[in-house]
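Taking it in order: structure first as structure tokens, then the write-up.
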Amino acid sequence: MLNKEYPLHDMNTVFELMSSTIEAGGTDEKARDELLFLNHLFAALPPQAVEYGMMFLHGERKFPDNVKEILPLFIRLVNLAEYCEKVDRLREIPSNMSVQEALDRKEMMDSLDEHEKSFCKPLLGFQFNGRAPEAKKEEKAEENEEETDGGRLLLMNSQAAVFVCPDPYKTSIFYETKLGFKASHLDDESMPHIRLTRDNIAIVLVQGTGDNARPLRKFGIKYDMYIYCSEPFLLQNELSGADVKIIESLPDAREAMQMKFNRQFVFEDCDGRHICVSQSLESLAGN
């Protein structure tokens with residue numbers, strides 16, 4: 001049974017609360033992998049399904065039939081949440097314990113083994129591979145297929161930020177090896193450049209020096225680029241693990257529960273640009 005107060009609609013904060021417990025130590029070595037595994041699976045769900053997960057966390061058990069197939073994910077979430085709550089309580093060692101309190105404490109310690117049995121076990125057809133479950137890629141639409149929105153032809157299909165770099169190749173390698181982007185070297189256009197892509201983000205790198213290549217904060221503009229992200233917690237952990245310099249970390253999970261604005265973190269690239277990653281407004285609106 002869960003005893004901690006959790007937010008009603010912000011799954012990111014739930015995972016950060018559990019992460020703070022795991023980072024404090026004293027948990028099974030697979031606990032953090034289990035957290036990342038579940039976090040990745042929730043990140044692949046539509047907003048309404050995540051909302052059902054939040055409802056399950058708060059005790060709701062009546063759901064539409066089409067939700068039943070993902071109930072095992074909700075059960076694993078509660079299992080990990082209960083585990084983290086017990087670890088937190090066991091850290092608080094009273095100066096004096098009655099016999100019954102000592103017995104209750106031992107029973108709680110013994111119960112941790114049951115929670116740990118499911119850590120990183122296959123779930124919903126996914127297997128934890130040491131980093132994250134592999135999501136099935138949706139079939140790409142044919143290139144010549146016209147995109148529409150309610151019958152209206154979409155003339156603007158995508159966009160890309162332009163970064164002026166003293167050494168585009170060096171910058172490209174940083175974004176490929178540290179940030180997970182893929183690079184396309186395009187020299188056959190009127191403006192030779194390197195195009196970086198990841199998920200729905202595209203960046204164009206061009207050669208340049210002087211003020212053109214300086215970070216925008218040198219001119220009083222705080223960030224060089226905004227990236228809106230549905231799971232900033234996952235992305236911050238990924239970049240930290242790749243030794244990317246984090247300038248401003250996500251706020252503490254408990255502090256975030258009281259915030260009235262988007263949660264965000266800021267990282268620095270190899271050219272000194274500060275890039276802000278802000279929680280997607282769409283992801284919150286869907287919860």
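Here, A, B, ... name the chains of the structure tokens in the order displayed, residue numbers run from 1 inside each chain, and ligands are numbered from 1 in the same displayed order.
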
Next on the checklist: Taking only range 39-168 of chain A into account, list the residues labelled strand (DSSP E or B) by DSSP (computed from the backbone), as an NGL selection string.
Outcome noted: :A and (123 or 126 or 148-149 or 152-153 or 161-165)

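Using only C-alpha atoms, the contacts of Pro72 in chain A at a cut-off of 12 Å, with sequence neighbours closer than 2 positions omitted, comprise Leu38, Leu41, Phe42, Gly53, Phe56, Val67, Lys68, Glu69, Ile70, Phe74, Ile75, Arg76, Leu77, Val78, Asn79, Ser118, Lys121, Pro122, Leu123, Leu124 and Gly125 of chain A.
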
Item to check | For CA of Ile247 in chain A and CA of Phe265 in chain A, the interatomic separation in Å (one decimal) | outcome: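 That distance, rounded to one decimal, is 7.6 Å.
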
Next on the checklist: List the spatial neighbours of range 3-12 of chain A as a VMD selection string - criterion: any atom at most 9 Å away, only C-alpha atoms, same-chain residues fewer than 2 positions off excluded.
Outcome noted: chain A and resid 1 14 to 17 39 42 50 to 51 53 to 55 57 to 58 82 85 230 to 234 253 257 284 287

Near-Asn237 in chain A list (12 Å; only C-alpha atoms; drop same-chain fewer than 5 positions) as an mmCIF file with N, CA, C and O atoms, in the first residue's frame:
data_model
loop_
_atom_site.group_PDB
_atom_site.id
_atom_site.type_symbol
_atom_site.label_atom_id
_atom_site.label_comp_id
_atom_site.auth_asym_id
_atom_site.auth_seq_id
_atom_site.Cartn_x
_atom_site.Cartn_y
_atom_site.Cartn_z
ATOM 1 N N PHE A 15 8.453 9.620 -11.164
ATOM 2 C CA PHE A 15 9.719 8.934 -11.421
ATOM 3 C C PHE A 15 10.890 9.648 -10.752
ATOM 4 O O PHE A 15 11.837 9.008 -10.288
ATOM 5 N N GLU A 16 10.835 10.957 -10.667
ATOM 6 C CA GLU A 16 11.922 11.678 -10.008
ATOM 7 C C GLU A 16 11.910 11.451 -8.502
ATOM 8 O O GLU A 16 12.965 11.385 -7.864
ATOM 9 N N SER A 19 13.481 8.187 -8.120
ATOM 10 C CA SER A 19 14.903 8.294 -8.443
ATOM 11 C C SER A 19 15.693 8.865 -7.268
ATOM 12 O O SER A 19 16.812 8.413 -6.981
ATOM 13 N N ARG A 32 17.573 0.975 -10.134
ATOM 14 C CA ARG A 32 17.638 2.101 -11.074
ATOM 15 C C ARG A 32 17.339 1.649 -12.497
ATOM 16 O O ARG A 32 16.681 2.366 -13.258
ATOM 17 N N ASP A 33 17.809 0.462 -12.882
ATOM 18 C CA ASP A 33 17.483 -0.060 -14.206
ATOM 19 C C ASP A 33 15.979 -0.278 -14.344
ATOM 20 O O ASP A 33 15.402 -0.024 -15.405
ATOM 21 N N LEU A 35 13.650 1.409 -12.804
ATOM 22 C CA LEU A 35 13.050 2.731 -12.943
ATOM 23 C C LEU A 35 13.172 3.242 -14.371
ATOM 24 O O LEU A 35 12.204 3.735 -14.955
ATOM 25 N N LEU A 36 14.346 3.128 -14.973
ATOM 26 C CA LEU A 36 14.551 3.599 -16.342
ATOM 27 C C LEU A 36 13.734 2.780 -17.337
ATOM 28 O O LEU A 36 13.193 3.324 -18.315
ATOM 29 N N ASN A 39 10.181 3.911 -16.998
ATOM 30 C CA ASN A 39 10.072 5.286 -17.484
ATOM 31 C C ASN A 39 10.037 5.312 -19.015
ATOM 32 O O ASN A 39 9.244 6.041 -19.630
ATOM 33 N N HIS A 40 10.874 4.505 -19.652
ATOM 34 C CA HIS A 40 10.888 4.439 -21.111
ATOM 35 C C HIS A 40 9.559 3.888 -21.651
ATOM 36 O O HIS A 40 9.044 4.376 -22.664
ATOM 37 N N ARG A 131 20.078 -0.693 -21.378
ATOM 38 C CA ARG A 131 19.909 0.758 -21.465
ATOM 39 C C ARG A 131 18.433 1.125 -21.495
ATOM 40 O O ARG A 131 17.955 1.901 -20.710
ATOM 41 N N LEU A 179 24.946 13.388 -27.929
ATOM 42 C CA LEU A 179 23.519 13.728 -27.890
ATOM 43 C C LEU A 179 22.648 12.806 -28.731
ATOM 44 O O LEU A 179 21.427 12.976 -28.756
ATOM 45 N N GLU A 231 9.604 13.944 -21.846
ATOM 46 C CA GLU A 231 10.227 13.258 -20.709
ATOM 47 C C GLU A 231 11.593 13.869 -20.408
ATOM 48 O O GLU A 231 12.637 13.262 -20.662
ATOM 49 N N PRO A 232 11.650 15.098 -19.868
ATOM 50 C CA PRO A 232 12.947 15.731 -19.606
ATOM 51 C C PRO A 232 13.800 14.960 -18.617
ATOM 52 O O PRO A 232 15.026 14.999 -18.689
ATOM 53 N N ALA A 242 26.337 10.680 -20.615
ATOM 54 C CA ALA A 242 27.281 10.885 -21.719
ATOM 55 C C ALA A 242 28.276 11.998 -21.416
ATOM 56 O O ALA A 242 29.010 12.435 -22.295
ATOM 57 N N ASP A 243 28.281 12.462 -20.170
ATOM 58 C CA ASP A 243 29.204 13.513 -19.714
ATOM 59 C C ASP A 243 28.984 14.850 -20.412
ATOM 60 O O ASP A 243 29.936 15.619 -20.608
ATOM 61 N N VAL A 244 27.739 15.116 -20.789
ATOM 62 C CA VAL A 244 27.399 16.439 -21.315
ATOM 63 C C VAL A 244 27.280 17.403 -20.135
ATOM 64 O O VAL A 244 26.718 17.054 -19.093
ATOM 65 N N LYS A 245 27.802 18.606 -20.266
ATOM 66 C CA LYS A 245 27.796 19.580 -19.180
ATOM 67 C C LYS A 245 26.384 20.104 -18.940
ATOM 68 O O LYS A 245 25.789 20.722 -19.820
ATOM 69 N N ILE A 246 25.861 19.851 -17.738
ATOM 70 C CA ILE A 246 24.532 20.336 -17.367
ATOM 71 C C ILE A 246 24.702 21.668 -16.633
ATOM 72 O O ILE A 246 25.313 21.725 -15.565
ATOM 73 N N SER A 249 20.087 22.020 -13.672
ATOM 74 C CA SER A 249 19.425 20.724 -13.563
ATOM 75 C C SER A 249 17.922 20.886 -13.366
ATOM 76 O O SER A 249 17.437 21.968 -12.990
ATOM 77 N N LEU A 250 17.202 19.802 -13.620
ATOM 78 C CA LEU A 250 15.774 19.799 -13.312
ATOM 79 C C LEU A 250 15.580 20.063 -11.822
ATOM 80 O O LEU A 250 16.390 19.627 -10.998
ATOM 81 N N PHE A 265 15.690 21.863 -17.908
ATOM 82 C CA PHE A 265 17.109 21.832 -17.586
ATOM 83 C C PHE A 265 17.859 22.435 -18.762
ATOM 84 O O PHE A 265 17.313 22.595 -19.864
ATOM 85 N N PHE A 267 21.662 22.481 -20.913
ATOM 86 C CA PHE A 267 22.974 21.880 -21.127
ATOM 87 C C PHE A 267 23.798 22.742 -22.078
ATOM 88 O O PHE A 267 23.266 23.608 -22.778
#

Item to check | Those of range 10-141 of chain A in DSSP alpha helix (DSSP H), formatted as an NGL selection string | outcome: :A and (11-23 or 31-43 or 47-57 or 71-91 or 99-116)

Next on the checklist: Show me, as a PyMOL selection string, the residues that have an atom within 9 Å of Met225 in chain A when counting only C-alpha atoms, minus same-chain residues fewer than 4 positions from it.
Outcome noted: chain A and resi 161+273-277

Please dump the current selection as a short mmCIF file (atom, residue, chain, number, x, y, z; two decimals), in the first residue's frame; keep N, CA, C and O atoms.
data_model
loop_
_atom_site.label_atom_id
_atom_site.label_comp_id
_atom_site.auth_asym_id
_atom_site.auth_seq_id
_atom_site.Cartn_x
_atom_site.Cartn_y
_atom_site.Cartn_z
N ALA A 161 16.92 24.52 -36.90
CA ALA A 161 17.72 25.63 -36.38
C ALA A 161 19.05 25.66 -37.13
O ALA A 161 19.53 24.62 -37.61
N ARG A 273 27.21 26.84 -26.58
CA ARG A 273 25.80 27.20 -26.63
C ARG A 273 25.05 26.61 -25.44
O ARG A 273 25.32 25.49 -25.03
N HIS A 274 24.09 27.37 -24.92
CA HIS A 274 23.24 26.88 -23.86
C HIS A 274 21.89 26.53 -24.45
O HIS A 274 21.21 27.39 -25.03
N ILE A 275 21.51 25.28 -24.32
CA ILE A 275 20.27 24.78 -24.90
C ILE A 275 19.33 24.36 -23.78
O ILE A 275 19.69 23.56 -22.91
N CYS A 276 18.14 24.95 -23.79
CA CYS A 276 17.16 24.70 -22.73
C CYS A 276 16.21 23.59 -23.17
O CYS A 276 15.63 23.64 -24.26
N VAL A 277 16.05 22.60 -22.31
CA VAL A 277 15.10 21.51 -22.55
C VAL A 277 13.93 21.71 -21.59
O VAL A 277 14.08 21.62 -20.37
#

Checklist entry - To one decimal place, how far is CA of Thr171 in chain A from CA of Leu239 in chain A in Å? => result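 Interatomic distance here is 15.8 Å.
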
Item to check | Residue nearest Gly210 in chain A among A:Glu34, A:Arg195, A:Pro166, A:Ala102 (counting only C-alpha atoms) | outcome: A:Pro166

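Here CA of Lys182 in chain A and CA of Arg198 in chain A stand 6.5 Å from one another.
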
Checklist entry - Hey, which of A:Thr13, A:Leu2, A:Lys218, A:Leu112 ends up closest to Gln279 in chain A? Count only C-alpha atoms. => result A:Thr13

Checklist entry - Neighbours of range 24-26 of chain A within 10 Å (only C-alpha atoms; same-chain residues fewer than 6 positions away dropped), as a PyMOL selection string? => result chain A and resi 87-88+90-91
